>>> print(open('target.pdb').read())   # PDB, N, CA and C atoms
MODEL        1
ATOM      1  N   MET A   1      82.323 -82.738  64.090
ATOM      2  CA  MET A   1      81.612 -81.497  64.330
ATOM      3  C   MET A   1      81.407 -80.768  63.005
ATOM      4  N   ALA A   2      80.229 -80.243  62.798
ATOM      5  CA  ALA A   2      79.907 -79.548  61.557
ATOM      6  C   ALA A   2      80.696 -78.246  61.460
ATOM      7  N   ARG A   3      81.088 -77.932  60.250
ATOM      8  CA  ARG A   3      81.813 -76.705  59.987
ATOM      9  C   ARG A   3      80.840 -75.537  59.972
ATOM     10  N   LYS A   4      81.204 -74.441  60.641
ATOM     11  CA  LYS A   4      80.354 -73.252  60.650
ATOM     12  C   LYS A   4      80.711 -72.397  59.443
ATOM     13  N   THR A   5      79.683 -71.991  58.728
ATOM     14  CA  THR A   5      79.909 -71.170  57.547
ATOM     15  C   THR A   5      80.335 -69.765  57.949
ATOM     16  N   THR A   6      81.149 -69.129  57.115
ATOM     17  CA  THR A   6      81.547 -67.750  57.358
ATOM     18  C   THR A   6      80.669 -66.793  56.558
ATOM     19  N   ALA A   7      79.697 -67.331  55.842
ATOM     20  CA  ALA A   7      78.830 -66.503  54.999
ATOM     21  C   ALA A   7      77.645 -65.932  55.779
ATOM     22  N   GLY A   8      77.494 -66.280  57.040
ATOM     23  CA  GLY A   8      76.431 -65.715  57.870
ATOM     24  C   GLY A   8      75.136 -66.484  57.779
ATOM     25  N   PRO A   9      74.103 -65.950  58.453
ATOM     26  CA  PRO A   9      72.825 -66.665  58.527
ATOM     27  C   PRO A   9      72.124 -66.830  57.193
ATOM     28  N   ALA A  10      72.442 -65.985  56.220
ATOM     29  CA  ALA A  10      71.807 -66.107  54.911
ATOM     30  C   ALA A  10      72.314 -67.331  54.156
ATOM     31  N   ALA A  11      73.334 -68.007  54.687
ATOM     32  CA  ALA A  11      73.856 -69.211  54.053
ATOM     33  C   ALA A  11      73.489 -70.468  54.832
ATOM     34  N   ASP A  12      72.617 -70.349  55.817
ATOM     35  CA  ASP A  12      72.195 -71.507  56.601
ATOM     36  C   ASP A  12      71.458 -72.487  55.683
ATOM     37  N   PRO A  13      71.943 -73.730  55.566
ATOM     38  CA  PRO A  13      71.325 -74.669  54.626
ATOM     39  C   PRO A  13      69.828 -74.866  54.854
ATOM     40  N   GLU A  14      69.410 -74.930  56.097
ATOM     41  CA  GLU A  14      67.992 -75.161  56.368
ATOM     42  C   GLU A  14      67.130 -73.987  55.912
ATOM     43  N   LEU A  15      67.593 -72.755  56.180
ATOM     44  CA  LEU A  15      66.823 -71.588  55.726
ATOM     45  C   LEU A  15      66.833 -71.471  54.205
ATOM     46  N   LEU A  16      67.946 -71.818  53.594
ATOM     47  CA  LEU A  16      67.999 -71.796  52.130
ATOM     48  C   LEU A  16      67.010 -72.793  51.542
ATOM     49  N   ILE A  17      66.967 -73.993  52.092
ATOM     50  CA  ILE A  17      66.043 -75.022  51.599
ATOM     51  C   ILE A  17      64.603 -74.591  51.810
ATOM     52  N   LEU A  18      64.288 -74.095  53.001
ATOM     53  CA  LEU A  18      62.919 -73.646  53.269
ATOM     54  C   LEU A  18      62.527 -72.521  52.320
ATOM     55  N   SER A  19      63.453 -71.599  52.075
ATOM     56  CA  SER A  19      63.164 -70.480  51.162
ATOM     57  C   SER A  19      62.895 -70.978  49.752
ATOM     58  N   ILE A  20      63.670 -71.946  49.288
ATOM     59  CA  ILE A  20      63.456 -72.521  47.961
ATOM     60  C   ILE A  20      62.084 -73.188  47.896
ATOM     61  N   LEU A  21      61.754 -73.957  48.929
ATOM     62  CA  LEU A  21      60.492 -74.705  48.908
ATOM     63  C   LEU A  21      59.274 -73.810  49.092
ATOM     64  N   ALA A  22      59.476 -72.563  49.527
ATOM     65  CA  ALA A  22      58.358 -71.615  49.603
ATOM     66  C   ALA A  22      57.795 -71.345  48.212
ATOM     67  N   GLY A  23      58.589 -71.604  47.180
ATOM     68  CA  GLY A  23      58.146 -71.418  45.802
ATOM     69  C   GLY A  23      57.492 -72.651  45.196
ATOM     70  N   GLY A  24      57.451 -73.750  45.943
ATOM     71  CA  GLY A  24      56.836 -74.974  45.450
ATOM     72  C   GLY A  24      57.765 -76.163  45.629
ATOM     73  N   PRO A  25      57.234 -77.373  45.459
ATOM     74  CA  PRO A  25      58.032 -78.587  45.667
ATOM     75  C   PRO A  25      59.237 -78.666  44.734
ATOM     76  N   LYS A  26      60.324 -79.223  45.255
ATOM     77  CA  LYS A  26      61.552 -79.417  44.478
ATOM     78  C   LYS A  26      62.244 -80.669  44.985
ATOM     79  N   HIS A  27      63.018 -81.296  44.112
ATOM     80  CA  HIS A  27      63.863 -82.420  44.518
ATOM     81  C   HIS A  27      65.249 -81.875  44.844
ATOM     82  N   GLY A  28      66.082 -82.720  45.444
ATOM     83  CA  GLY A  28      67.379 -82.292  45.954
ATOM     84  C   GLY A  28      68.269 -81.593  44.950
ATOM     85  N   TYR A  29      68.451 -82.169  43.772
ATOM     86  CA  TYR A  29      69.336 -81.560  42.783
ATOM     87  C   TYR A  29      68.826 -80.185  42.366
ATOM     88  N   ALA A  30      67.517 -80.061  42.172
ATOM     89  CA  ALA A  30      66.935 -78.764  41.797
ATOM     90  C   ALA A  30      67.149 -77.743  42.908
ATOM     91  N   MET A  31      67.053 -78.189  44.170
ATOM     92  CA  MET A  31      67.310 -77.279  45.294
ATOM     93  C   MET A  31      68.752 -76.793  45.258
ATOM     94  N   MET A  32      69.708 -77.705  45.054
ATOM     95  CA  MET A  32      71.123 -77.319  45.014
ATOM     96  C   MET A  32      71.374 -76.299  43.905
ATOM     97  N   GLN A  33      70.794 -76.535  42.734
ATOM     98  CA  GLN A  33      70.981 -75.632  41.599
ATOM     99  C   GLN A  33      70.394 -74.253  41.895
ATOM    100  N   GLU A  34      69.186 -74.211  42.421
ATOM    101  CA  GLU A  34      68.537 -72.929  42.682
ATOM    102  C   GLU A  34      69.232 -72.164  43.807
ATOM    103  N   ILE A  35      69.677 -72.872  44.837
ATOM    104  CA  ILE A  35      70.405 -72.223  45.934
ATOM    105  C   ILE A  35      71.704 -71.614  45.408
ATOM    106  N   ALA A  36      72.415 -72.350  44.579
ATOM    107  CA  ALA A  36      73.651 -71.820  43.999
ATOM    108  C   ALA A  36      73.378 -70.578  43.162
ATOM    109  N   ALA A  37      72.274 -70.598  42.417
ATOM    110  CA  ALA A  37      71.950 -69.474  41.534
ATOM    111  C   ALA A  37      71.539 -68.221  42.303
ATOM    112  N   PHE A  38      70.702 -68.364  43.333
ATOM    113  CA  PHE A  38      70.191 -67.159  43.995
ATOM    114  C   PHE A  38      71.027 -66.733  45.193
ATOM    115  N   ALA A  39      71.694 -67.668  45.861
ATOM    116  CA  ALA A  39      72.433 -67.313  47.073
ATOM    117  C   ALA A  39      73.941 -67.397  46.894
ATOM    118  N   GLY A  40      74.387 -67.999  45.794
ATOM    119  CA  GLY A  40      75.811 -68.152  45.591
ATOM    120  C   GLY A  40      76.448 -69.140  46.557
ATOM    121  N   VAL A  41      75.633 -70.044  47.097
ATOM    122  CA  VAL A  41      76.106 -71.043  48.054
ATOM    123  C   VAL A  41      76.038 -72.411  47.392
ATOM    124  N   ASP A  42      77.165 -73.103  47.361
ATOM    125  CA  ASP A  42      77.201 -74.444  46.780
ATOM    126  C   ASP A  42      77.078 -75.473  47.903
ATOM    127  N   LEU A  43      75.872 -75.991  48.084
ATOM    128  CA  LEU A  43      75.664 -77.033  49.077
ATOM    129  C   LEU A  43      76.040 -78.370  48.457
ATOM    130  N   GLY A  44      76.869 -79.107  49.139
ATOM    131  CA  GLY A  44      77.183 -80.452  48.679
ATOM    132  C   GLY A  44      76.031 -81.379  49.014
ATOM    133  N   PRO A  45      75.978 -82.541  48.373
ATOM    134  CA  PRO A  45      74.891 -83.481  48.652
ATOM    135  C   PRO A  45      74.805 -83.894  50.117
ATOM    136  N   GLY A  46      75.949 -84.076  50.771
ATOM    137  CA  GLY A  46      75.925 -84.456  52.187
ATOM    138  C   GLY A  46      75.285 -83.394  53.056
ATOM    139  N   THR A  47      75.658 -82.143  52.825
ATOM    140  CA  THR A  47      75.076 -81.029  53.579
ATOM    141  C   THR A  47      73.591 -80.905  53.283
ATOM    142  N   LEU A  48      73.247 -80.985  51.998
ATOM    143  CA  LEU A  48      71.846 -80.846  51.595
ATOM    144  C   LEU A  48      70.971 -81.918  52.234
ATOM    145  N   TYR A  49      71.363 -83.174  52.086
ATOM    146  CA  TYR A  49      70.494 -84.254  52.558
ATOM    147  C   TYR A  49      70.488 -84.390  54.079
ATOM    148  N   THR A  50      71.559 -83.961  54.742
ATOM    149  CA  THR A  50      71.540 -83.900  56.206
ATOM    150  C   THR A  50      70.538 -82.850  56.659
ATOM    151  N   ALA A  51      70.545 -81.687  56.000
ATOM    152  CA  ALA A  51      69.596 -80.623  56.340
ATOM    153  C   ALA A  51      68.160 -81.049  56.022
ATOM    154  N   ILE A  52      67.961 -81.719  54.889
ATOM    155  CA  ILE A  52      66.622 -82.208  54.536
ATOM    156  C   ILE A  52      66.116 -83.169  55.607
ATOM    157  N   THR A  53      66.973 -84.068  56.077
ATOM    158  CA  THR A  53      66.575 -85.015  57.117
ATOM    159  C   THR A  53      66.146 -84.281  58.388
ATOM    160  N   ARG A  54      66.916 -83.259  58.787
ATOM    161  CA  ARG A  54      66.553 -82.475  59.979
ATOM    162  C   ARG A  54      65.218 -81.763  59.764
ATOM    163  N   LEU A  55      65.019 -81.193  58.579
ATOM    164  CA  LEU A  55      63.777 -80.466  58.299
ATOM    165  C   LEU A  55      62.565 -81.398  58.304
ATOM    166  N   VAL A  56      62.731 -82.602  57.779
ATOM    167  CA  VAL A  56      61.650 -83.597  57.811
ATOM    168  C   VAL A  56      61.377 -83.995  59.257
ATOM    169  N   ASP A  57      62.451 -84.250  60.025
ATOM    170  CA  ASP A  57      62.292 -84.632  61.437
ATOM    171  C   ASP A  57      61.568 -83.555  62.242
ATOM    172  N   GLU A  58      61.812 -82.298  61.922
ATOM    173  CA  GLU A  58      61.140 -81.184  62.615
ATOM    174  C   GLU A  58      59.697 -81.001  62.151
ATOM    175  N   GLY A  59      59.346 -81.619  61.024
ATOM    176  CA  GLY A  59      58.004 -81.457  60.475
ATOM    177  C   GLY A  59      57.844 -80.203  59.643
ATOM    178  N   TRP A  60      58.975 -79.611  59.212
ATOM    179  CA  TRP A  60      58.926 -78.370  58.445
ATOM    180  C   TRP A  60      58.854 -78.600  56.947
ATOM    181  N   ILE A  61      59.269 -79.778  56.490
ATOM    182  CA  ILE A  61      59.081 -80.176  55.094
ATOM    183  C   ILE A  61      58.631 -81.631  55.086
ATOM    184  N   GLU A  62      58.082 -82.048  53.938
ATOM    185  CA  GLU A  62      57.658 -83.442  53.808
ATOM    186  C   GLU A  62      57.873 -83.893  52.376
ATOM    187  N   PRO A  63      58.129 -85.195  52.198
ATOM    188  CA  PRO A  63      58.282 -85.698  50.835
ATOM    189  C   PRO A  63      56.949 -85.698  50.098
ATOM    190  N   VAL A  64      57.025 -85.536  48.803
ATOM    191  CA  VAL A  64      55.864 -85.570  47.917
ATOM    192  C   VAL A  64      55.946 -86.871  47.130
ATOM    193  N   GLU A  65      54.812 -87.391  46.729
ATOM    194  CA  GLU A  65      54.782 -88.603  45.899
ATOM    195  C   GLU A  65      55.721 -88.417  44.710
ATOM    196  N   ALA A  66      56.639 -89.346  44.551
ATOM    197  CA  ALA A  66      57.614 -89.268  43.464
ATOM    198  C   ALA A  66      57.092 -89.965  42.219
ATOM    199  N   SER A  67      57.430 -89.398  41.066
ATOM    200  CA  SER A  67      57.023 -90.010  39.801
ATOM    201  C   SER A  67      58.191 -90.700  39.118
ATOM    202  N   GLY A  68      59.322 -90.729  39.772
ATOM    203  CA  GLY A  68      60.513 -91.363  39.211
ATOM    204  C   GLY A  68      61.527 -91.562  40.312
ATOM    205  N   ARG A  69      62.792 -91.448  39.959
ATOM    206  CA  ARG A  69      63.858 -91.610  40.948
ATOM    207  C   ARG A  69      63.967 -90.434  41.898
ATOM    208  N   GLN A  70      63.688 -89.246  41.402
ATOM    209  CA  GLN A  70      63.846 -88.044  42.221
ATOM    210  C   GLN A  70      62.703 -87.926  43.228
ATOM    211  N   ARG A  71      63.081 -87.513  44.434
ATOM    212  CA  ARG A  71      62.087 -87.389  45.504
ATOM    213  C   ARG A  71      61.897 -85.914  45.844
ATOM    214  N   PRO A  72      60.792 -85.329  45.418
ATOM    215  CA  PRO A  72      60.559 -83.919  45.759
ATOM    216  C   PRO A  72      60.080 -83.757  47.201
ATOM    217  N   TYR A  73      60.301 -82.556  47.716
ATOM    218  CA  TYR A  73      59.853 -82.187  49.061
ATOM    219  C   TYR A  73      59.049 -80.909  48.956
ATOM    220  N   ARG A  74      58.178 -80.708  49.943
ATOM    221  CA  ARG A  74      57.399 -79.464  49.995
ATOM    222  C   ARG A  74      57.397 -78.943  51.418
ATOM    223  N   LEU A  75      57.148 -77.657  51.508
ATOM    224  CA  LEU A  75      57.044 -76.962  52.783
ATOM    225  C   LEU A  75      55.726 -77.339  53.453
ATOM    226  N   THR A  76      55.760 -77.570  54.766
ATOM    227  CA  THR A  76      54.530 -77.818  55.525
ATOM    228  C   THR A  76      54.046 -76.487  56.106
ATOM    229  N   PRO A  77      52.818 -76.422  56.602
ATOM    230  CA  PRO A  77      52.366 -75.193  57.270
ATOM    231  C   PRO A  77      53.282 -74.804  58.449
ATOM    232  N   ALA A  78      53.760 -75.785  59.201
ATOM    233  CA  ALA A  78      54.682 -75.484  60.311
ATOM    234  C   ALA A  78      55.999 -74.934  59.771
ATOM    235  N   GLY A  79      56.462 -75.463  58.640
ATOM    236  CA  GLY A  79      57.687 -74.970  58.022
ATOM    237  C   GLY A  79      57.535 -73.546  57.526
ATOM    238  N   LEU A  80      56.373 -73.230  56.989
ATOM    239  CA  LEU A  80      56.100 -71.874  56.535
ATOM    240  C   LEU A  80      56.138 -70.903  57.711
ATOM    241  N   ASP A  81      55.519 -71.282  58.824
ATOM    242  CA  ASP A  81      55.542 -70.433  60.026
ATOM    243  C   ASP A  81      56.964 -70.239  60.534
ATOM    244  N   TYR A  82      57.730 -71.327  60.568
ATOM    245  CA  TYR A  82      59.117 -71.244  61.030
ATOM    246  C   TYR A  82      59.926 -70.328  60.117
ATOM    247  N   LEU A  83      59.786 -70.505  58.809
ATOM    248  CA  LEU A  83      60.521 -69.676  57.854
ATOM    249  C   LEU A  83      60.169 -68.208  58.022
ATOM    250  N   ARG A  84      58.896 -67.910  58.117
ATOM    251  CA  ARG A  84      58.476 -66.506  58.316
ATOM    252  C   ARG A  84      59.132 -65.914  59.560
ATOM    253  N   GLY A  85      59.112 -66.669  60.645
ATOM    254  CA  GLY A  85      59.700 -66.188  61.895
ATOM    255  C   GLY A  85      61.197 -65.933  61.768
ATOM    256  N   GLN A  86      61.908 -66.854  61.140
ATOM    257  CA  GLN A  86      63.351 -66.695  60.982
ATOM    258  C   GLN A  86      63.689 -65.522  60.072
ATOM    259  N   LEU A  87      62.951 -65.365  58.991
ATOM    260  CA  LEU A  87      63.201 -64.249  58.077
ATOM    261  C   LEU A  87      62.883 -62.914  58.741
ATOM    262  N   GLU A  88      61.866 -62.890  59.570
ATOM    263  CA  GLU A  88      61.541 -61.661  60.307
ATOM    264  C   GLU A  88      62.667 -61.314  61.281
ATOM    265  N   LYS A  89      63.220 -62.303  61.963
ATOM    266  CA  LYS A  89      64.347 -62.052  62.870
ATOM    267  C   LYS A  89      65.548 -61.518  62.093
ATOM    268  N   MET A  90      65.802 -62.091  60.920
ATOM    269  CA  MET A  90      66.914 -61.613  60.091
ATOM    270  C   MET A  90      66.662 -60.175  59.635
ATOM    271  N   ARG A  91      65.419 -59.878  59.277
ATOM    272  CA  ARG A  91      65.077 -58.514  58.852
ATOM    273  C   ARG A  91      65.300 -57.530  59.992
ATOM    274  N   GLN A  92      64.881 -57.913  61.204
ATOM    275  CA  GLN A  92      65.057 -57.036  62.364
ATOM    276  C   GLN A  92      66.531 -56.796  62.660
ATOM    277  N   LEU A  93      67.332 -57.846  62.583
ATOM    278  CA  LEU A  93      68.765 -57.708  62.829
ATOM    279  C   LEU A  93      69.401 -56.802  61.781
ATOM    280  N   ALA A  94      69.078 -57.009  60.515
ATOM    281  CA  ALA A  94      69.643 -56.190  59.446
ATOM    282  C   ALA A  94      69.227 -54.729  59.613
ATOM    283  N   SER A  95      67.976 -54.498  59.944
ATOM    284  CA  SER A  95      67.480 -53.138  60.132
ATOM    285  C   SER A  95      68.204 -52.457  61.299
ATOM    286  N   PHE A  96      68.343 -53.158  62.404
ATOM    287  CA  PHE A  96      69.038 -52.622  63.574
ATOM    288  C   PHE A  96      70.491 -52.287  63.227
ATOM    289  N   GLY A  97      71.182 -53.227  62.595
ATOM    290  CA  GLY A  97      72.582 -53.007  62.246
ATOM    291  C   GLY A  97      72.767 -51.839  61.293
ATOM    292  N   LEU A  98      71.892 -51.725  60.309
ATOM    293  CA  LEU A  98      71.989 -50.615  59.355
ATOM    294  C   LEU A  98      71.714 -49.274  60.031
ATOM    295  N   ARG A  99      70.752 -49.244  60.954
ATOM    296  CA  ARG A  99      70.488 -48.001  61.711
ATOM    297  C   ARG A  99      71.729 -47.597  62.503
ATOM    298  N   ARG A 100      72.368 -48.568  63.148
ATOM    299  CA  ARG A 100      73.574 -48.265  63.934
ATOM    300  C   ARG A 100      74.699 -47.765  63.034
ATOM    301  N   LEU A 101      74.858 -48.376  61.870
ATOM    302  CA  LEU A 101      75.890 -47.922  60.939
ATOM    303  C   LEU A 101      75.643 -46.475  60.501
ATOM    304  N   ARG A 102      74.389 -46.174  60.183
ATOM    305  CA  ARG A 102      74.041 -44.811  59.754
ATOM    306  C   ARG A 102      74.254 -43.819  60.896
ATOM    307  N   ALA A 103      73.856 -44.190  62.095
ATOM    308  CA  ALA A 103      74.002 -43.308  63.256
ATOM    309  C   ALA A 103      75.488 -43.031  63.534
ATOM    310  N   GLY A 104      76.328 -43.994  63.246
ATOM    311  CA  GLY A 104      77.753 -43.817  63.460
ATOM    312  C   GLY A 104      78.479 -43.210  62.267
ATOM    313  N   GLY A 105      77.697 -42.879  61.213
ATOM    314  CA  GLY A 105      78.278 -42.289  60.024
ATOM    315  C   GLY A 105      79.076 -43.287  59.185
ATOM    316  N   LEU A 106      78.807 -44.556  59.348
ATOM    317  CA  LEU A 106      79.572 -45.587  58.644
ATOM    318  C   LEU A 106      78.863 -46.133  57.421
ATOM    319  N   ALA A 107      77.588 -45.806  57.253
ATOM    320  CA  ALA A 107      76.851 -46.369  56.108
ATOM    321  C   ALA A 107      76.676 -45.346  55.024
TER     322      ALA A 107
ENDMDL
END
>>> encode(input="target.pdb", output="structure tokens")
Amino acid sequence: MARKTTAGPAADPELLILSILAGGPKHGYAMMQEIAAFAGVDLGPGTLYTAITRLVDEGWIEPVEASGRQRPYRLTPAGLDYLRGQLEKMRQLASFGLRRLRAGGLA
């Protein structure tokens, strides 16, 4: 059984990968480096490539013609729609939670 992260939805490997690929095609190692830099999440190769396989199976990313050993991936139009929807849900949740904190005098 996969381990559930305690870092919350912002550490979901699939959303992190989709967010990285929104900036253009990347290969696995570049994705791991960029995710670590912007999100502070260290995805291991097993986690990364399992998530990549799921994203390809869903049709949300696709491989790009490789010019060497590294295999880059890019976001598909369906992946872009999915990412937008998930980020909007996260924005709504964060907005709701912050309003409740302020209303309770906790923020």
>>> closest_residue(input="target.pdb", among="A:Ala11, A:Ala30, A:Leu18, A:Leu87", to="Leu75 (chain A)", atoms="only C-alpha atoms")
A:Leu18
>>> atom_distance(input="target.pdb", atom1="atom N of Leu21 (chain A)", atom2="CA of Val41 (chain A)")
14.7 Å
>>> closest_residue(input="target.pdb", among="A:Ala51, A:Leu83, A:Val56, A:Ala78", to="Ser19 (chain A)", atoms="only C-alpha atoms")
A:Leu83
>>> select_by_dssp(input="target.pdb", residues="chain A", states="alpha helix (DSSP H)", output="ChimeraX atom specification")
/A:13-21,28-39,45-58,77-103
>>> residues_around(input="target.pdb", residues="Thr47 (chain A)", least_positions_apart="4", cutoff="10 Å", atoms="only C-alpha atoms", output="list in words")
Ala2, Pro13, Glu14, Asp42, Leu43, Ala51 and Ile52 of chain A
>>> write_last_selection(input="target.pdb", atoms="N, CA and C atoms", output="PDB file, in the frame of the given file")
ATOM      1  N   ALA A   2      80.229 -80.243  62.798  1.00  0.00           N
ATOM      2  CA  ALA A   2      79.907 -79.548  61.557  1.00  0.00           C
ATOM      3  C   ALA A   2      80.696 -78.246  61.460  1.00  0.00           C
ATOM      4  N   PRO A  13      71.943 -73.730  55.566  1.00  0.00           N
ATOM      5  CA  PRO A  13      71.325 -74.669  54.626  1.00  0.00           C
ATOM      6  C   PRO A  13      69.828 -74.866  54.854  1.00  0.00           C
ATOM      7  N   GLU A  14      69.410 -74.930  56.097  1.00  0.00           N
ATOM      8  CA  GLU A  14      67.992 -75.161  56.368  1.00  0.00           C
ATOM      9  C   GLU A  14      67.130 -73.987  55.912  1.00  0.00           C
ATOM     10  N   ASP A  42      77.165 -73.103  47.361  1.00  0.00           N
ATOM     11  CA  ASP A  42      77.201 -74.444  46.780  1.00  0.00           C
ATOM     12  C   ASP A  42      77.078 -75.473  47.903  1.00  0.00           C
ATOM     13  N   LEU A  43      75.872 -75.991  48.084  1.00  0.00           N
ATOM     14  CA  LEU A  43      75.664 -77.033  49.077  1.00  0.00           C
ATOM     15  C   LEU A  43      76.040 -78.370  48.457  1.00  0.00           C
ATOM     16  N   ALA A  51      70.545 -81.687  56.000  1.00  0.00           N
ATOM     17  CA  ALA A  51      69.596 -80.623  56.340  1.00  0.00           C
ATOM     18  C   ALA A  51      68.160 -81.049  56.022  1.00  0.00           C
ATOM     19  N   ILE A  52      67.961 -81.719  54.889  1.00  0.00           N
ATOM     20  CA  ILE A  52      66.622 -82.208  54.536  1.00  0.00           C
ATOM     21  C   ILE A  52      66.116 -83.169  55.607  1.00  0.00           C
TER      22      ILE A  52
END
>>> closest_residue(input="target.pdb", among="A:Met32, A:Gly105, A:Asp57, A:Lys89", to="Pro45 (chain A)", atoms="all atoms listed in the file")
A:Met32
>>> closest_residue(input="target.pdb", among="A:Ile61, A:Leu15, A:Ala39, A:Leu48", to="Gln86 (chain A)", atoms="all atoms listed in the file")
A:Leu15
>>> closest_residue(input="target.pdb", among="A:Leu106, A:Met90, A:Leu101, A:Leu55", to="Tyr73 (chain A)", atoms="only C-alpha atoms")
A:Leu55
>>> atom_distance(input="target.pdb", atom1="atom N of Arg91 (chain A)", atom2="atom C of Trp60 (chain A)")
20.0 Å
>>> atom_distance(input="target.pdb", atom1="CA of His27 (chain A)", atom2="atom N of Arg71 (chain A)")
5.2 Å
>>> select_by_dssp(input="target.pdb", residues="region 3-89 of chain A", states="strand (DSSP E)", output="ChimeraX atom specification")
/A:61-63,73-75
>>> closest_residue(input="target.pdb", among="A:Leu16, A:Arg74, A:Ala22, A:Tyr49", to="Ala36 (chain A)", atoms="only C-alpha atoms")
A:Leu16
